[in-house]
file query-v9.pdb (PDB, C-alpha atoms and all ligand atoms)
MODEL        1
ATOM      1  CA  MET D   1       0.000   0.000   0.000
ATOM      2  CA  SER D   2       1.284   3.483  -0.628
ATOM      3  CA  THR D   3      -0.036   6.600   0.992
ATOM      4  CA  ALA D   4      -0.744  10.002  -0.522
ATOM      5  CA  PRO D   5       1.697  12.546   0.896
ATOM      6  CA  GLN D   6       0.475  14.979   3.529
ATOM      7  CA  LEU D   7       2.115  18.396   3.725
ATOM      8  CA  VAL D   8       2.880  20.588   6.700
ATOM      9  CA  VAL D   9       4.483  23.948   5.965
ATOM     10  CA  HIS D  10       6.259  25.938   8.677
ATOM     11  CA  ARG D  11       7.345  29.569   8.662
ATOM     12  CA  ASP D  12      11.092  28.903   8.581
ATOM     13  CA  LYS D  13      13.609  26.111   9.020
ATOM     14  CA  GLU D  14      14.128  26.698  12.749
ATOM     15  CA  LEU D  15      10.422  26.331  13.454
ATOM     16  CA  MET D  16      10.287  23.332  11.118
ATOM     17  CA  ALA D  17      13.071  21.627  13.094
ATOM     18  CA  GLN D  18      11.429  22.377  16.446
ATOM     19  CA  ALA D  19       7.988  21.232  15.325
ATOM     20  CA  ALA D  20       9.418  18.078  13.728
ATOM     21  CA  ALA D  21      11.342  17.335  16.932
ATOM     22  CA  ALA D  22       8.160  17.724  19.000
ATOM     23  CA  ARG D  23       6.317  15.475  16.568
ATOM     24  CA  LEU D  24       9.070  12.850  16.749
ATOM     25  CA  ILE D  25       9.139  12.842  20.555
ATOM     26  CA  THR D  26       5.379  12.206  20.624
ATOM     27  CA  LYS D  27       5.670   9.468  18.036
ATOM     28  CA  ILE D  28       8.453   7.676  19.946
ATOM     29  CA  VAL D  29       6.597   7.942  23.260
ATOM     30  CA  ASP D  30       3.401   6.596  21.650
ATOM     31  CA  ALA D  31       5.236   3.693  19.971
ATOM     32  CA  GLN D  32       6.956   2.790  23.231
ATOM     33  CA  ALA D  33       3.596   2.830  25.011
ATOM     34  CA  ALA D  34       1.986   0.667  22.330
ATOM     35  CA  ARG D  35       4.776  -1.792  21.557
ATOM     36  CA  GLY D  36       7.375  -1.459  24.301
ATOM     37  CA  SER D  37      10.017   0.044  22.050
ATOM     38  CA  ALA D  38      10.351   2.400  19.104
ATOM     39  CA  SER D  39      12.500   2.431  15.978
ATOM     40  CA  VAL D  40      13.609   5.478  14.053
ATOM     41  CA  VAL D  41      15.722   5.758  10.919
ATOM     42  CA  LEU D  42      17.940   8.839  10.849
ATOM     43  CA  THR D  43      19.069  10.806   7.831
ATOM     44  CA  GLY D  44      22.208  12.754   7.083
ATOM     45  CA  GLY D  45      22.197  16.397   6.057
ATOM     46  CA  ARG D  46      21.490  19.768   7.651
ATOM     47  CA  ASN D  47      17.739  19.315   8.028
ATOM     48  CA  GLY D  48      18.044  15.938   9.750
ATOM     49  CA  ASN D  49      20.768  17.200  12.062
ATOM     50  CA  GLY D  50      18.760  20.369  12.760
ATOM     51  CA  LEU D  51      15.891  18.164  13.920
ATOM     52  CA  LEU D  52      18.227  16.216  16.242
ATOM     53  CA  THR D  53      19.666  19.427  17.704
ATOM     54  CA  ALA D  54      16.142  20.764  18.304
ATOM     55  CA  LEU D  55      15.168  17.473  19.917
ATOM     56  CA  GLY D  56      18.142  17.727  22.272
ATOM     57  CA  ALA D  57      17.116  21.237  23.260
ATOM     58  CA  SER D  58      13.479  20.306  23.905
ATOM     59  CA  PRO D  59      12.442  19.962  27.564
ATOM     60  CA  ALA D  60      10.146  17.130  26.431
ATOM     61  CA  ARG D  61      13.130  14.996  25.394
ATOM     62  CA  ASP D  62      13.092  13.368  28.827
ATOM     63  CA  ALA D  63       9.701  11.858  27.991
ATOM     64  CA  VAL D  64      11.521   9.413  25.700
ATOM     65  CA  ASP D  65      12.768   6.147  27.175
ATOM     66  CA  TRP D  66      16.113   6.301  25.364
ATOM     67  CA  GLY D  67      17.082   2.764  26.370
ATOM     68  CA  ARG D  68      14.103   1.383  24.419
ATOM     69  CA  LEU D  69      14.805   3.137  21.137
ATOM     70  CA  ASP D  70      16.371   1.477  18.099
ATOM     71  CA  LEU D  71      18.210   3.809  15.761
ATOM     72  CA  TRP D  72      19.039   2.966  12.171
ATOM     73  CA  TRP D  73      20.378   5.035   9.270
ATOM     74  CA  GLY D  74      18.858   5.668   5.853
ATOM     75  CA  ASP D  75      22.275   6.239   4.346
ATOM     76  CA  GLU D  76      25.890   6.755   5.219
ATOM     77  CA  ARG D  77      28.892   8.380   3.650
ATOM     78  CA  PHE D  78      31.419   5.532   3.313
ATOM     79  CA  LEU D  79      34.318   7.028   5.267
ATOM     80  CA  PRO D  80      36.496   5.914   8.198
ATOM     81  CA  ASP D  81      34.987   5.596  11.658
ATOM     82  CA  GLY D  82      34.830   8.954  13.433
ATOM     83  CA  ASP D  83      35.185  10.967  10.228
ATOM     84  CA  PRO D  84      33.406  14.300  10.782
ATOM     85  CA  ASP D  85      31.532  13.863   7.498
ATOM     86  CA  ARG D  86      29.960  10.564   8.502
ATOM     87  CA  ASN D  87      26.248  10.867   9.224
ATOM     88  CA  VAL D  88      26.603   8.925  12.474
ATOM     89  CA  THR D  89      29.384  11.252  13.684
ATOM     90  CA  GLN D  90      27.187  14.269  13.024
ATOM     91  CA  ALA D  91      24.159  12.648  14.690
ATOM     92  CA  ARG D  92      26.248  11.796  17.762
ATOM     93  CA  GLU D  93      27.350  15.385  18.018
ATOM     94  CA  ALA D  94      23.853  16.792  17.462
ATOM     95  CA  LEU D  95      22.092  14.515  19.969
ATOM     96  CA  LEU D  96      23.114  10.906  20.462
ATOM     97  CA  ASP D  97      26.093  11.514  22.745
ATOM     98  CA  SER D  98      23.916  13.425  25.181
ATOM     99  CA  VAL D  99      21.115  10.889  25.723
ATOM    100  CA  PRO D 100      21.256   7.476  27.461
ATOM    101  CA  LEU D 101      20.829   5.193  24.436
ATOM    102  CA  ASP D 102      21.496   1.456  24.607
ATOM    103  CA  PRO D 103      24.638   1.113  22.395
ATOM    104  CA  ALA D 104      23.393  -2.294  21.198
ATOM    105  CA  ARG D 105      20.374  -0.530  19.701
ATOM    106  CA  VAL D 106      22.356   2.072  17.764
ATOM    107  CA  HIS D 107      22.714   0.452  14.349
ATOM    108  CA  ALA D 108      25.282   2.626  12.581
ATOM    109  CA  MET D 109      26.141   1.660   9.027
ATOM    110  CA  PRO D 110      29.665   0.204   8.609
ATOM    111  CA  ALA D 111      32.643   2.526   8.146
ATOM    112  CA  SER D 112      35.249   2.183   5.397
ATOM    113  CA  ASP D 113      37.801   0.971   7.949
ATOM    114  CA  GLY D 114      35.357  -1.428   9.610
ATOM    115  CA  PRO D 115      34.815  -5.185   9.294
ATOM    116  CA  TYR D 116      34.197  -5.003   5.538
ATOM    117  CA  GLY D 117      37.233  -2.845   4.809
ATOM    118  CA  ASN D 118      36.875  -0.513   1.871
ATOM    119  CA  ASP D 119      34.196  -2.638   0.179
ATOM    120  CA  ALA D 120      30.962  -0.618   0.215
ATOM    121  CA  ASP D 121      28.976  -3.429  -1.426
ATOM    122  CA  ALA D 122      30.017  -5.962   1.233
ATOM    123  CA  ALA D 123      29.261  -3.372   3.937
ATOM    124  CA  ALA D 124      25.800  -2.868   2.432
ATOM    125  CA  GLU D 125      25.217  -6.626   2.489
ATOM    126  CA  GLY D 126      26.261  -6.709   6.129
ATOM    127  CA  TYR D 127      23.788  -3.968   7.023
ATOM    128  CA  ALA D 128      21.054  -5.748   5.064
ATOM    129  CA  ALA D 129      21.672  -8.840   7.206
ATOM    130  CA  GLU D 130      21.339  -6.723  10.356
ATOM    131  CA  LEU D 131      18.030  -5.321   9.099
ATOM    132  CA  ALA D 132      16.786  -8.792   8.152
ATOM    133  CA  ALA D 133      17.569 -10.075  11.645
ATOM    134  CA  ALA D 134      15.393  -7.307  13.105
ATOM    135  CA  ALA D 135      12.532  -7.678  10.580
ATOM    136  CA  GLN D 136       9.167  -9.041  11.690
ATOM    137  CA  PRO D 137       7.984 -11.902   9.396
ATOM    138  CA  GLU D 138       4.376 -10.700   9.557
ATOM    139  CA  ASN D 139       5.383  -7.516   7.705
ATOM    140  CA  HIS D 140       6.580  -9.416   4.633
ATOM    141  CA  SER D 141       9.675  -7.292   4.270
ATOM    142  CA  ALA D 142      13.377  -7.925   4.792
ATOM    143  CA  ALA D 143      13.519  -4.701   6.820
ATOM    144  CA  PRO D 144      11.753  -3.822  10.072
ATOM    145  CA  ALA D 145       8.525  -1.792  10.096
ATOM    146  CA  PHE D 146      10.316   1.293  11.433
ATOM    147  CA  ASP D 147       8.058   3.655  13.348
ATOM    148  CA  VAL D 148       9.489   6.720  11.621
ATOM    149  CA  LEU D 149      11.979   6.960   8.778
ATOM    150  CA  LEU D 150      13.437  10.436   8.271
ATOM    151  CA  LEU D 151      14.722  11.650   4.917
ATOM    152  CA  GLY D 152      16.322  14.907   3.884
ATOM    153  CA  VAL D 153      15.484  15.912   0.310
ATOM    154  CA  GLY D 154      18.271  17.064  -2.006
ATOM    155  CA  PRO D 155      17.895  19.859  -4.566
ATOM    156  CA  ASP D 156      17.957  17.173  -7.289
ATOM    157  CA  THR D 157      15.163  15.239  -5.459
ATOM    158  CA  HIS D 158      17.536  12.624  -4.013
ATOM    159  CA  VAL D 159      16.674  10.989  -0.707
ATOM    160  CA  ALA D 160      19.082   8.912   1.396
ATOM    161  CA  SER D 161      21.802   8.150  -1.201
ATOM    162  CA  LEU D 162      19.309   7.386  -3.964
ATOM    163  CA  PHE D 163      20.160   9.815  -6.723
ATOM    164  CA  PRO D 164      18.117  10.301  -9.911
ATOM    165  CA  GLU D 165      18.763   7.677 -12.573
ATOM    166  CA  LEU D 166      21.618   5.911 -10.707
ATOM    167  CA  PRO D 167      21.393   2.108 -10.226
ATOM    168  CA  ALA D 168      20.570   2.336  -6.485
ATOM    169  CA  VAL D 169      17.180   3.944  -7.102
ATOM    170  CA  ARG D 170      16.261   1.152  -9.531
ATOM    171  CA  GLU D 171      16.859  -1.583  -6.960
ATOM    172  CA  THR D 172      13.734  -3.640  -6.346
ATOM    173  CA  GLU D 173      15.024  -6.615  -4.331
ATOM    174  CA  ARG D 174      17.820  -5.698  -1.931
ATOM    175  CA  THR D 175      17.204  -3.486   1.110
ATOM    176  CA  VAL D 176      20.667  -1.900   1.211
ATOM    177  CA  VAL D 177      23.126  -1.176  -1.581
ATOM    178  CA  GLY D 178      26.566   0.318  -2.067
ATOM    179  CA  VAL D 179      26.441   3.549  -4.063
ATOM    180  CA  HIS D 180      29.301   4.545  -6.346
ATOM    181  CA  GLY D 181      29.781   7.808  -8.197
ATOM    182  CA  ALA D 182      27.263   9.810  -6.148
ATOM    183  CA  PRO D 183      27.006  13.402  -7.386
ATOM    184  CA  LYS D 184      27.001  14.675  -3.772
ATOM    185  CA  PRO D 185      30.336  14.072  -2.037
ATOM    186  CA  PRO D 186      31.637  11.682  -0.966
ATOM    187  CA  PRO D 187      31.050   9.567  -4.081
ATOM    188  CA  THR D 188      30.945   6.242  -2.223
ATOM    189  CA  ARG D 189      28.003   5.678   0.068
ATOM    190  CA  ILE D 190      25.685   3.047   1.509
ATOM    191  CA  SER D 191      21.941   3.496   1.196
ATOM    192  CA  LEU D 192      18.631   1.903   2.018
ATOM    193  CA  THR D 193      16.691   1.254  -1.168
ATOM    194  CA  LEU D 194      13.137   2.333  -1.942
ATOM    195  CA  PRO D 195      11.713  -1.100  -0.918
ATOM    196  CA  ALA D 196      13.425  -0.762   2.487
ATOM    197  CA  ILE D 197      12.213   2.811   2.902
ATOM    198  CA  ARG D 198       8.681   1.695   2.079
ATOM    199  CA  SER D 199       8.738  -0.883   4.867
ATOM    200  CA  ALA D 200       8.517   1.975   7.409
ATOM    201  CA  ARG D 201       5.201   2.775   9.031
ATOM    202  CA  GLU D 202       5.792   6.489   8.562
ATOM    203  CA  VAL D 203       8.165   8.295   6.225
ATOM    204  CA  TRP D 204       8.856  11.957   6.959
ATOM    205  CA  LEU D 205      10.617  14.037   4.317
ATOM    206  CA  LEU D 206      12.317  17.230   5.450
ATOM    207  CA  ALA D 207      12.902  20.114   3.061
ATOM    208  CA  ALA D 208      13.882  23.642   4.007
ATOM    209  CA  GLY D 209      15.244  26.501   1.939
ATOM    210  CA  GLU D 210      14.720  27.940  -1.469
ATOM    211  CA  ASP D 211      17.104  25.472  -3.109
ATOM    212  CA  LYS D 212      14.579  22.702  -2.294
ATOM    213  CA  ALA D 213      11.541  24.435  -3.802
ATOM    214  CA  LYS D 214      11.889  22.942  -7.267
ATOM    215  CA  ALA D 215      12.648  19.465  -5.915
ATOM    216  CA  ALA D 216       9.549  19.507  -3.694
ATOM    217  CA  ALA D 217       7.363  20.709  -6.552
ATOM    218  CA  ILE D 218       8.659  18.022  -8.911
ATOM    219  CA  ALA D 219       8.463  15.155  -6.414
ATOM    220  CA  LEU D 220       4.947  16.090  -5.339
ATOM    221  CA  SER D 221       3.604  16.583  -8.860
ATOM    222  CA  GLY D 222       3.522  12.985 -10.022
ATOM    223  CA  ALA D 223       7.146  12.567 -11.163
ATOM    224  CA  GLY D 224       8.519   9.026 -11.518
ATOM    225  CA  GLU D 225      10.765   7.690  -8.757
ATOM    226  CA  ILE D 226      13.706   6.915 -11.046
ATOM    227  CA  GLN D 227      13.889  10.558 -12.149
ATOM    228  CA  ALA D 228      12.782  11.945  -8.752
ATOM    229  CA  PRO D 229      13.625   9.481  -5.958
ATOM    230  CA  ALA D 230      11.740  11.514  -3.334
ATOM    231  CA  ALA D 231       8.543  10.707  -5.239
ATOM    232  CA  GLY D 232       9.029   7.025  -4.407
ATOM    233  CA  ALA D 233       9.505   7.493  -0.652
ATOM    234  CA  HIS D 234       6.275   6.376   1.014
ATOM    235  CA  GLY D 235       5.378   4.993   4.414
ATOM    236  CA  ARG D 236       2.985   2.068   4.919
ATOM    237  CA  SER D 237       0.572   4.221   6.879
ATOM    238  CA  ARG D 238       1.779   7.780   6.404
ATOM    239  CA  THR D 239       3.958   9.910   4.156
ATOM    240  CA  LEU D 240       4.579  13.341   5.582
ATOM    241  CA  TRP D 241       6.409  16.218   3.953
ATOM    242  CA  LEU D 242       7.659  18.777   6.467
ATOM    243  CA  LEU D 243       8.652  21.956   4.678
ATOM    244  CA  ASP D 244       9.471  25.544   5.402
ATOM    245  CA  SER D 245       7.742  28.263   3.413
ATOM    246  CA  ALA D 246      10.757  28.749   1.111
ATOM    247  CA  ALA D 247      10.795  25.061   0.141
ATOM    248  CA  ALA D 248       7.011  25.186  -0.382
ATOM    249  CA  SER D 249       7.154  28.301  -2.550
ATOM    250  CA  GLN D 250       6.891  26.506  -5.913
ATOM    251  CA  LEU D 251       4.300  23.889  -5.018
ATOM    252  CA  PRO D 252       1.327  23.759  -7.371
ATOM    253  CA  ARG D 253      -1.597  25.701  -5.954
ATOM    254  CA  ASP D 254      -3.789  22.591  -5.698
ATOM    255  CA  LEU D 255      -1.295  21.126  -3.230
ATOM    256  CA  TYR D 256      -0.525  24.177  -1.141
ATOM    257  CA  PRO D 257      -2.055  26.173   0.367
ATOM    258  CA  PRO D 258      -4.873  23.670   0.954
ATOM    259  CA  ALA D 259      -8.131  24.638  -0.745
ATOM    260  CA  SER D 260     -10.678  26.193   1.599
ATOM    261  CA  PRO D 261     -13.950  24.271   1.942
TER     262      PRO D 261
HETATM  263  O1  LIG D 301      24.120  11.810   3.702
HETATM  264  C1  LIG D 301      23.512  12.616   3.039
HETATM  265  O2  LIG D 301      24.088  13.466   2.379
HETATM  266  C2  LIG D 301      22.041  12.512   3.013
HETATM  267  O3  LIG D 301      21.410  11.663   3.853
HETATM  268  C3  LIG D 301      21.255  13.208   1.972
HETATM  269  O4  LIG D 301      20.218  12.437   1.412
HETATM  270  C4  LIG D 301      20.693  14.472   2.631
HETATM  271  O5  LIG D 301      19.702  14.140   3.569
HETATM  272  C5  LIG D 301      20.119  15.416   1.597
HETATM  273  O6  LIG D 301      21.144  15.745   0.685
HETATM  274  C6  LIG D 301      19.576  16.689   2.222
HETATM  275  O7  LIG D 301      20.609  17.342   2.888
HETATM  276  P1  LIG D 301      20.355  18.762   3.567
HETATM  277  O8  LIG D 301      19.339  18.563   4.637
HETATM  278  O9  LIG D 301      21.712  19.151   4.100
HETATM  279  O10 LIG D 301      19.904  19.668   2.479
ENDMDL
END

call {"tool": "encode", "arguments": {"input": "query-v9.pdb", "output": "structure tokens"}}
result
Amino acid sequence: MSTAPQLVVHRDKELMAQAAAARLITKIVDAQAARGSASVVLTGGRNGNGLLTALGASPARDAVDWGRLDLWWGDERFLPDGDPDRNVTQAREALLDSVPLDPARVHAMPASDGPYGNDADAAAEGYAAELAAAAQPENHSAAPAFDVLLLGVGPDTHVASLFPELPAVRETERTVVGVHGAPKPPPTRISLTLPAIRSAREVWLLAAGEDKAKAAAIALSGAGEIQAPAAGAHGRSRTLWLLDSAAASQLPRDLYPPASP
């Protein structure tokens, strides 16, 4: 099943980050109440890290039971452990180092000096095995039914490390792939695929700034997912676009602002 995207537009990127952080706290607390634990997939990029920083600054952050939260990544820049450009390094700095997570539940993607050495494809396979071990058979997917999967949107409509027209966005079987020759540096990356993204209960796409306006308009106007990967990012029960007004400025009028009754 795929879900029609819902849009929420905030005044500016700071407010977007704060509101998204508040929304995520509530979602985690609700999932923990309903199922005992919660699972969230993090994204790289400024918007994802802005959300984590806002979450860390929120007084409500203590409502989360951090020891019962599984964290995964939608993509990773394939660099040595601790490299400042790795998404996990940036997430640790923005939030993770200041909350009492269970280290066994922090599922970072492998580094280029890790167990798979400099082989991004083998590292992707390793991460796929980790996802498969956590998947619930009743969901008929080789990836878990994540509660929330976060994605930043690139100006070319990429999400995670799925760039327009590259092989990774065409993948229909595997849940994780190595990405080579990415147009955004670094060129070698690891990424969840669209089928893995679509195993999430909720997918939230974050887009702030004028340089995202065209991408949002294209992805939300019926573009194909090979040309506009963000168009293929759907959750099982909800697909939510969180934008600031600059990123929403080129949306077709029938999408935003919502028509009055
Ligand atoms: O590792 C990465 O580079 C990403 O995960 C990438 O998909 C990012 O989320 C977008 O490029 C948006 O990045 P910004 O939020 O910085 O615009």

call {"tool": "residues_near_ligand", "arguments": {"input": "query-v9.pdb", "ligand": "ligand LIG 301 (chain D)", "cutoff": "9 Å", "atoms": "all atoms listed in the file", "output": "PyMOL selection string"}}
result
chain D and resi 42-50+73-77+85-87+150-163+184-186+189+191+206-209+211-212

call {"tool": "resolve_selection", "arguments": {"input": "query-v9.pdb", "expression": "the PyMOL selection byres (((chain D and resi 225) around 10) and not hetatm)", "output": "ChimeraX atom specification"}}
result
/D:157-158,162-165,169-170,194,219,222-224,226-233

call {"tool": "atom_distance", "arguments": {"input": "query-v9.pdb", "atom1": "atom CA of Ala142 of chain D", "atom2": "atom CA of Gly36 of chain D"}}
result
21.4 Å

call {"tool": "closest_residue", "arguments": {"input": "query-v9.pdb", "among": "D:Ser249, D:Ser141, D:Thr26, D:Ser260", "to": "Arg11 of chain D", "atoms": "all atoms listed in the file"}}
result
D:Ser249

call {"tool": "resolve_selection", "arguments": {"input": "query-v9.pdb", "expression": "the PyMOL selection byres (((chain D and resi 125) around 12) and not hetatm)", "output": "PyMOL selection string"}}
result
chain D and resi 109-110+115-116+119-124+126-132+174-178+190-192

call {"tool": "atom_distance", "arguments": {"input": "query-v9.pdb", "atom1": "atom CA of Thr188 of chain D", "atom2": "atom CA of Ala111 of chain D"}}
result
11.1 Å

call {"tool": "residues_around", "arguments": {"input": "query-v9.pdb", "residues": "Met16 of chain D", "least_positions_apart": "3", "cutoff": "12 Å", "atoms": "all atoms listed in the file", "output": "PyMOL selection string"}}
result
chain D and resi 8-13+19-24+47-48+50-52+54-55+205-209+241-247

call {"tool": "closest_residue", "arguments": {"input": "query-v9.pdb", "among": "D:Leu69, D:Leu149, D:Ala217, D:Ala259", "to": "Val106 of chain D", "atoms": "all atoms listed in the file"}}
result
D:Leu69

call {"tool": "resolve_selection", "arguments": {"input": "query-v9.pdb", "expression": "the PyMOL selection byres (((chain D and resi 67) around 8) and not hetatm)", "output": "list in words"}}
result
Asp65, Trp66, Arg68, Leu69, Pro100, Leu101 and Asp102 of chain D

call {"tool": "atom_distance", "arguments": {"input": "query-v9.pdb", "atom1": "atom CA of Arg198 of chain D", "atom2": "atom CA of Lys214 of chain D"}}
result
23.4 Å

call {"tool": "closest_residue", "arguments": {"input": "query-v9.pdb", "among": "D:Thr53, D:Ser199, D:Asn118, D:Gln6", "to": "Ala135 of chain D", "atoms": "all atoms listed in the file"}}
result
D:Ser199
